[in-house]
file start_17.cif (mmCIF, C-alpha atoms)
data_structure
#
loop_
_atom_site.group_PDB
_atom_site.id
_atom_site.type_symbol
_atom_site.label_atom_id
_atom_site.label_comp_id
_atom_site.auth_asym_id
_atom_site.auth_seq_id
_atom_site.Cartn_x
_atom_site.Cartn_y
_atom_site.Cartn_z
ATOM 1 C CA MET Q 285 102.846 -0.990 76.647
ATOM 2 C CA LYS Q 286 101.430 2.532 76.653
ATOM 3 C CA SER Q 287 102.110 4.908 73.799
ATOM 4 C CA SER Q 288 103.465 7.485 76.257
ATOM 5 C CA VAL Q 289 106.527 5.292 76.854
ATOM 6 C CA LEU Q 290 107.417 5.459 73.175
ATOM 7 C CA THR Q 291 106.523 9.145 72.869
ATOM 8 C CA ARG Q 292 108.750 10.291 75.705
ATOM 9 C CA TYR Q 293 111.615 8.155 74.365
ATOM 10 C CA ARG Q 294 111.199 9.663 70.898
ATOM 11 C CA VAL Q 295 111.158 13.227 72.227
ATOM 12 C CA MET Q 296 114.278 12.673 74.301
ATOM 13 C CA ALA Q 297 116.031 10.907 71.418
ATOM 14 C CA TYR Q 298 115.501 13.933 69.176
ATOM 15 C CA VAL Q 299 116.401 16.448 71.873
ATOM 16 C CA THR Q 300 119.544 14.541 72.831
ATOM 17 C CA ALA Q 301 120.607 14.129 69.209
ATOM 18 C CA VAL Q 302 120.139 17.821 68.431
ATOM 19 C CA MET Q 303 122.004 18.849 71.577
ATOM 20 C CA LEU Q 304 124.848 16.500 70.653
ATOM 21 C CA LEU Q 305 125.125 18.099 67.211
ATOM 22 C CA ILE Q 306 125.153 21.550 68.816
ATOM 23 C CA LEU Q 307 127.830 20.335 71.234
ATOM 24 C CA CYS Q 308 129.939 19.062 68.324
ATOM 25 C CA ALA Q 309 129.666 22.450 66.615
ATOM 26 C CA CYS Q 310 130.673 24.177 69.862
ATOM 27 C CA MET Q 311 133.660 21.868 70.236
ATOM 28 C CA VAL Q 312 134.804 22.666 66.694
ATOM 29 C CA ALA Q 313 134.462 26.380 67.461
ATOM 30 C CA LYS Q 314 136.309 26.034 70.761
ATOM 31 C CA TYR Q 315 139.218 23.855 69.669
ATOM 32 C CA GLY Q 316 139.350 24.745 65.989
ATOM 33 C CA PHE Q 317 138.909 28.494 66.193
ATOM 34 C CA GLY Q 318 139.554 29.303 69.857
ATOM 35 C CA THR Q 319 136.136 30.883 70.490
ATOM 36 C CA GLY Q 320 133.013 29.987 72.421
ATOM 37 C CA GLU Q 321 134.561 28.448 75.506
ATOM 38 C CA GLY Q 322 131.736 29.572 77.801
ATOM 39 C CA LEU Q 323 129.044 28.409 75.379
ATOM 40 C CA THR Q 324 130.713 25.012 75.061
ATOM 41 C CA LEU Q 325 130.671 24.602 78.831
ATOM 42 C CA VAL Q 326 126.959 25.412 79.067
ATOM 43 C CA VAL Q 327 125.980 23.221 76.109
ATOM 44 C CA SER Q 328 128.020 20.279 77.412
ATOM 45 C CA GLN Q 329 126.380 20.462 80.822
ATOM 46 C CA VAL Q 330 122.876 20.742 79.359
ATOM 47 C CA HIS Q 331 123.574 17.815 77.042
ATOM 48 C CA GLY Q 332 124.851 15.781 79.986
ATOM 49 C CA VAL Q 333 121.673 16.308 81.984
ATOM 50 C CA LEU Q 334 119.454 15.607 78.978
ATOM 51 C CA TYR Q 335 121.450 12.470 78.187
ATOM 52 C CA ILE Q 336 120.771 11.146 81.704
ATOM 53 C CA VAL Q 337 117.031 11.701 81.142
ATOM 54 C CA TYR Q 338 117.378 9.980 77.754
ATOM 55 C CA LEU Q 339 119.054 6.998 79.424
ATOM 56 C CA ILE Q 340 116.191 6.662 81.903
ATOM 57 C CA PHE Q 341 113.508 6.795 79.201
ATOM 58 C CA ALA Q 342 115.428 4.476 76.850
ATOM 59 C CA PHE Q 343 115.976 1.942 79.615
ATOM 60 C CA ASP Q 344 112.287 2.119 80.510
ATOM 61 C CA LEU Q 345 111.309 1.493 76.894
ATOM 62 C CA GLY Q 346 113.771 -1.360 76.464
ATOM 63 C CA SER Q 347 112.727 -3.074 79.667
ATOM 64 C CA LYS Q 348 109.025 -2.815 78.835
ATOM 65 C CA ALA Q 349 109.690 -4.150 75.330
ATOM 66 C CA LYS Q 350 111.680 -7.010 76.955
ATOM 67 C CA TRP Q 351 114.717 -6.546 74.722
ATOM 68 C CA PRO Q 352 117.969 -8.472 75.283
ATOM 69 C CA PHE Q 353 120.868 -6.627 76.920
ATOM 70 C CA GLY Q 354 122.819 -6.130 73.680
ATOM 71 C CA LYS Q 355 119.934 -4.383 71.970
ATOM 72 C CA LEU Q 356 119.268 -2.249 75.045
ATOM 73 C CA LEU Q 357 122.950 -1.311 75.222
ATOM 74 C CA TRP Q 358 122.905 -0.169 71.587
ATOM 75 C CA LEU Q 359 119.841 1.942 72.343
ATOM 76 C CA LEU Q 360 121.606 3.567 75.304
ATOM 77 C CA VAL Q 361 124.872 4.195 73.439
ATOM 78 C CA SER Q 362 123.162 5.716 70.399
ATOM 79 C CA GLY Q 363 122.768 8.959 72.343
ATOM 80 C CA THR Q 364 126.540 9.426 72.347
ATOM 81 C CA ILE Q 365 127.138 9.063 68.600
ATOM 82 C CA PRO Q 366 126.267 12.153 66.544
ATOM 83 C CA THR Q 367 123.217 11.518 64.294
ATOM 84 C CA ALA Q 368 122.892 7.874 65.412
ATOM 85 C CA ALA Q 369 119.922 8.619 67.658
ATOM 86 C CA PHE Q 370 117.933 9.864 64.665
ATOM 87 C CA PHE Q 371 118.284 6.531 62.869
ATOM 88 C CA VAL Q 372 117.925 4.339 65.946
ATOM 89 C CA GLU Q 373 114.808 6.232 67.048
ATOM 90 C CA ARG Q 374 113.149 5.593 63.695
ATOM 91 C CA LYS Q 375 113.952 1.891 63.808
ATOM 92 C CA VAL Q 376 112.819 1.583 67.431
ATOM 93 C CA ALA Q 377 109.526 3.377 66.726
ATOM 94 C CA ARG Q 378 108.705 0.946 63.895
ATOM 95 C CA GLU Q 379 109.601 -2.030 66.046
ATOM 96 C CA VAL Q 380 107.716 -0.942 69.174
ATOM 97 C CA GLN Q 381 104.570 0.307 67.424
ATOM 98 C CA PRO Q 382 102.911 -3.174 67.308
ATOM 99 C CA LEU Q 383 103.505 -3.593 71.065
ATOM 100 C CA ILE Q 384 101.520 -0.479 71.970
ATOM 101 C CA THR Q 385 98.079 -0.878 73.459
ATOM 102 C CA ASP Q 386 95.655 1.999 73.623
ATOM 103 C CA GLY Q 387 94.683 1.226 77.211
ATOM 104 C CA SER Q 388 90.979 0.874 76.544
ATOM 105 C CA PRO Q 389 89.291 -2.238 77.908
ATOM 106 C CA VAL Q 390 88.440 -4.950 75.433
ATOM 107 C CA ALA Q 391 85.035 -6.604 75.675
ATOM 108 C CA ALA Q 392 85.128 -10.373 75.903
ATOM 109 C CA ARG Q 393 83.022 -12.352 73.472
ATOM 110 C CA ALA Q 394 81.067 -15.363 74.567
#
call {"tool": "encode", "arguments": {"input": "start_17.cif", "output": "structure tokens"}}
result
Amino acid sequence: MKSSVLTRYRVMAYVTAVMLLILCACMVAKYGFGTGEGLTLVVSQVHGVLYIVYLIFAFDLGSKAKWPFGKLLWLLVSGTIPTAAFFVERKVAREVQPLITDGSPVAARA
């Protein structure tokens, strides 16, 4: 597996997690204090689009790592739980790191 697969997953995991925290803060402002309705709409739509990109990259990583469906499902769902993506990303990065090849050809020994 190439390192770019893990890198793009990690970037999207962080971006999605941060956007979800911002969305939670906007929801508290909207429903708790009655302000920020327009901002909440924009943030929710941006998070939705970014979450779809996250799903694509997470599925790509999980399929290339040949994970079982349950593990892949947990990876996909972690983008919907506030702060979960931070912890799951760290665990995934440690687990996938040994599977990464640098892409350079290896000379065969006789």
call {"tool": "resolve_selection", "arguments": {"input": "start_17.cif", "expression": "the PyMOL selection byres ((chain Q and resi 287-302) around 7)", "output": "list in words"}}
result
Met285, Lys286, Met303, Leu304, Leu305, Ile306, His331, Leu334, Tyr335, Tyr338, Phe341, Ala342, Leu345, Gly363, Pro366, Thr367, Ala369, Phe370, Glu373 and Ile384 of chain Q
call {"tool": "atom_distance", "arguments": {"input": "start_17.cif", "atom1": "CA of Cys310 (chain Q)", "atom2": "CA of Trp358 (chain Q)"}}
result
25.6 Å
call {"tool": "atom_distance", "arguments": {"input": "start_17.cif", "atom1": "CA of Lys314 (chain Q)", "atom2": "CA of Phe371 (chain Q)"}}
result
27.7 Å
call {"tool": "resolve_selection", "arguments": {"input": "start_17.cif", "expression": "the PyMOL selection byres ((chain Q and resi 356) around 12)", "output": "VMD selection string"}}
result
chain Q and resid 339 to 355 357 to 362 372 376
call {"tool": "atom_distance", "arguments": {"input": "start_17.cif", "atom1": "CA of Gly332 (chain Q)", "atom2": "CA of Met311 (chain Q)"}}
result
14.5 Å
call {"tool": "decode", "arguments": {"input": "start_17.cif", "residues": "region 308-337 of chain Q", "atoms": "N, CA and C atoms", "output": "PDB file, in the first residue's frame"}}
result
ATOM      1  N   CYS Q 308     -21.088  20.957  16.055  1.00  0.00           N
ATOM      2  CA  CYS Q 308     -21.705  20.787  17.383  1.00  0.00           C
ATOM      3  C   CYS Q 308     -21.814  22.128  18.107  1.00  0.00           C
ATOM      4  N   ALA Q 309     -20.766  22.938  18.018  1.00  0.00           N
ATOM      5  CA  ALA Q 309     -20.810  24.263  18.645  1.00  0.00           C
ATOM      6  C   ALA Q 309     -21.889  25.137  17.995  1.00  0.00           C
ATOM      7  N   CYS Q 310     -22.014  25.050  16.686  1.00  0.00           N
ATOM      8  CA  CYS Q 310     -23.060  25.815  15.987  1.00  0.00           C
ATOM      9  C   CYS Q 310     -24.454  25.347  16.392  1.00  0.00           C
ATOM     10  N   MET Q 311     -24.606  24.048  16.571  1.00  0.00           N
ATOM     11  CA  MET Q 311     -25.916  23.522  16.976  1.00  0.00           C
ATOM     12  C   MET Q 311     -26.282  23.985  18.390  1.00  0.00           C
ATOM     13  N   VAL Q 312     -25.298  24.027  19.273  1.00  0.00           N
ATOM     14  CA  VAL Q 312     -25.548  24.530  20.628  1.00  0.00           C
ATOM     15  C   VAL Q 312     -25.951  26.006  20.555  1.00  0.00           C
ATOM     16  N   ALA Q 313     -25.247  26.773  19.723  1.00  0.00           N
ATOM     17  CA  ALA Q 313     -25.590  28.192  19.582  1.00  0.00           C
ATOM     18  C   ALA Q 313     -26.985  28.364  18.987  1.00  0.00           C
ATOM     19  N   LYS Q 314     -27.310  27.542  18.007  1.00  0.00           N
ATOM     20  CA  LYS Q 314     -28.604  27.681  17.329  1.00  0.00           C
ATOM     21  C   LYS Q 314     -29.758  27.281  18.249  1.00  0.00           C
ATOM     22  N   TYR Q 315     -29.670  26.095  18.835  1.00  0.00           N
ATOM     23  CA  TYR Q 315     -30.801  25.599  19.619  1.00  0.00           C
ATOM     24  C   TYR Q 315     -30.747  26.012  21.087  1.00  0.00           C
ATOM     25  N   GLY Q 316     -29.560  26.294  21.585  1.00  0.00           N
ATOM     26  CA  GLY Q 316     -29.452  26.696  22.985  1.00  0.00           C
ATOM     27  C   GLY Q 316     -29.633  28.184  23.193  1.00  0.00           C
ATOM     28  N   PHE Q 317     -29.150  28.978  22.238  1.00  0.00           N
ATOM     29  CA  PHE Q 317     -29.178  30.423  22.412  1.00  0.00           C
ATOM     30  C   PHE Q 317     -29.956  31.148  21.318  1.00  0.00           C
ATOM     31  N   GLY Q 318     -30.428  30.434  20.320  1.00  0.00           N
ATOM     32  CA  GLY Q 318     -31.253  31.032  19.277  1.00  0.00           C
ATOM     33  C   GLY Q 318     -30.494  31.935  18.308  1.00  0.00           C
ATOM     34  N   THR Q 319     -29.188  31.719  18.156  1.00  0.00           N
ATOM     35  CA  THR Q 319     -28.398  32.535  17.236  1.00  0.00           C
ATOM     36  C   THR Q 319     -27.607  31.636  16.291  1.00  0.00           C
ATOM     37  N   GLY Q 320     -27.187  32.212  15.187  1.00  0.00           N
ATOM     38  CA  GLY Q 320     -26.305  31.497  14.265  1.00  0.00           C
ATOM     39  C   GLY Q 320     -26.986  30.492  13.367  1.00  0.00           C
ATOM     40  N   GLU Q 321     -28.216  30.753  13.003  1.00  0.00           N
ATOM     41  CA  GLU Q 321     -28.943  29.805  12.155  1.00  0.00           C
ATOM     42  C   GLU Q 321     -28.315  29.682  10.771  1.00  0.00           C
ATOM     43  N   GLY Q 322     -27.918  30.790  10.182  1.00  0.00           N
ATOM     44  CA  GLY Q 322     -27.294  30.767   8.858  1.00  0.00           C
ATOM     45  C   GLY Q 322     -25.943  30.081   8.883  1.00  0.00           C
ATOM     46  N   LEU Q 323     -25.150  30.346   9.918  1.00  0.00           N
ATOM     47  CA  LEU Q 323     -23.841  29.712  10.053  1.00  0.00           C
ATOM     48  C   LEU Q 323     -23.984  28.202  10.230  1.00  0.00           C
ATOM     49  N   THR Q 324     -24.972  27.784  10.994  1.00  0.00           N
ATOM     50  CA  THR Q 324     -25.198  26.357  11.205  1.00  0.00           C
ATOM     51  C   THR Q 324     -25.533  25.666   9.895  1.00  0.00           C
ATOM     52  N   LEU Q 325     -26.318  26.308   9.060  1.00  0.00           N
ATOM     53  CA  LEU Q 325     -26.671  25.735   7.767  1.00  0.00           C
ATOM     54  C   LEU Q 325     -25.432  25.551   6.896  1.00  0.00           C
ATOM     55  N   VAL Q 326     -24.586  26.562   6.837  1.00  0.00           N
ATOM     56  CA  VAL Q 326     -23.378  26.489   6.012  1.00  0.00           C
ATOM     57  C   VAL Q 326     -22.425  25.421   6.543  1.00  0.00           C
ATOM     58  N   VAL Q 327     -22.195  25.424   7.849  1.00  0.00           N
ATOM     59  CA  VAL Q 327     -21.264  24.457   8.444  1.00  0.00           C
ATOM     60  C   VAL Q 327     -21.787  23.031   8.261  1.00  0.00           C
ATOM     61  N   SER Q 328     -23.079  22.825   8.395  1.00  0.00           N
ATOM     62  CA  SER Q 328     -23.620  21.470   8.239  1.00  0.00           C
ATOM     63  C   SER Q 328     -23.468  20.973   6.804  1.00  0.00           C
ATOM     64  N   GLN Q 329     -23.649  21.852   5.842  1.00  0.00           N
ATOM     65  CA  GLN Q 329     -23.492  21.443   4.453  1.00  0.00           C
ATOM     66  C   GLN Q 329     -22.031  21.161   4.109  1.00  0.00           C
ATOM     67  N   VAL Q 330     -21.127  21.992   4.601  1.00  0.00           N
ATOM     68  CA  VAL Q 330     -19.699  21.766   4.364  1.00  0.00           C
ATOM     69  C   VAL Q 330     -19.260  20.456   5.018  1.00  0.00           C
ATOM     70  N   HIS Q 331     -19.714  20.237   6.252  1.00  0.00           N
ATOM     71  CA  HIS Q 331     -19.370  18.982   6.926  1.00  0.00           C
ATOM     72  C   HIS Q 331     -19.921  17.789   6.156  1.00  0.00           C
ATOM     73  N   GLY Q 332     -21.112  17.896   5.627  1.00  0.00           N
ATOM     74  CA  GLY Q 332     -21.697  16.799   4.863  1.00  0.00           C
ATOM     75  C   GLY Q 332     -20.879  16.437   3.637  1.00  0.00           C
ATOM     76  N   VAL Q 333     -20.424  17.432   2.919  1.00  0.00           N
ATOM     77  CA  VAL Q 333     -19.599  17.178   1.730  1.00  0.00           C
ATOM     78  C   VAL Q 333     -18.254  16.580   2.135  1.00  0.00           C
ATOM     79  N   LEU Q 334     -17.644  17.146   3.163  1.00  0.00           N
ATOM     80  CA  LEU Q 334     -16.350  16.622   3.623  1.00  0.00           C
ATOM     81  C   LEU Q 334     -16.480  15.209   4.173  1.00  0.00           C
ATOM     82  N   TYR Q 335     -17.606  14.904   4.809  1.00  0.00           N
ATOM     83  CA  TYR Q 335     -17.819  13.557   5.324  1.00  0.00           C
ATOM     84  C   TYR Q 335     -17.917  12.547   4.176  1.00  0.00           C
ATOM     85  N   ILE Q 336     -18.530  12.930   3.073  1.00  0.00           N
ATOM     86  CA  ILE Q 336     -18.596  12.030   1.911  1.00  0.00           C
ATOM     87  C   ILE Q 336     -17.190  11.750   1.382  1.00  0.00           C
ATOM     88  N   VAL Q 337     -16.345  12.775   1.316  1.00  0.00           N
ATOM     89  CA  VAL Q 337     -14.952  12.575   0.888  1.00  0.00           C
ATOM     90  C   VAL Q 337     -14.228  11.681   1.889  1.00  0.00           C
TER      91      VAL Q 337
END
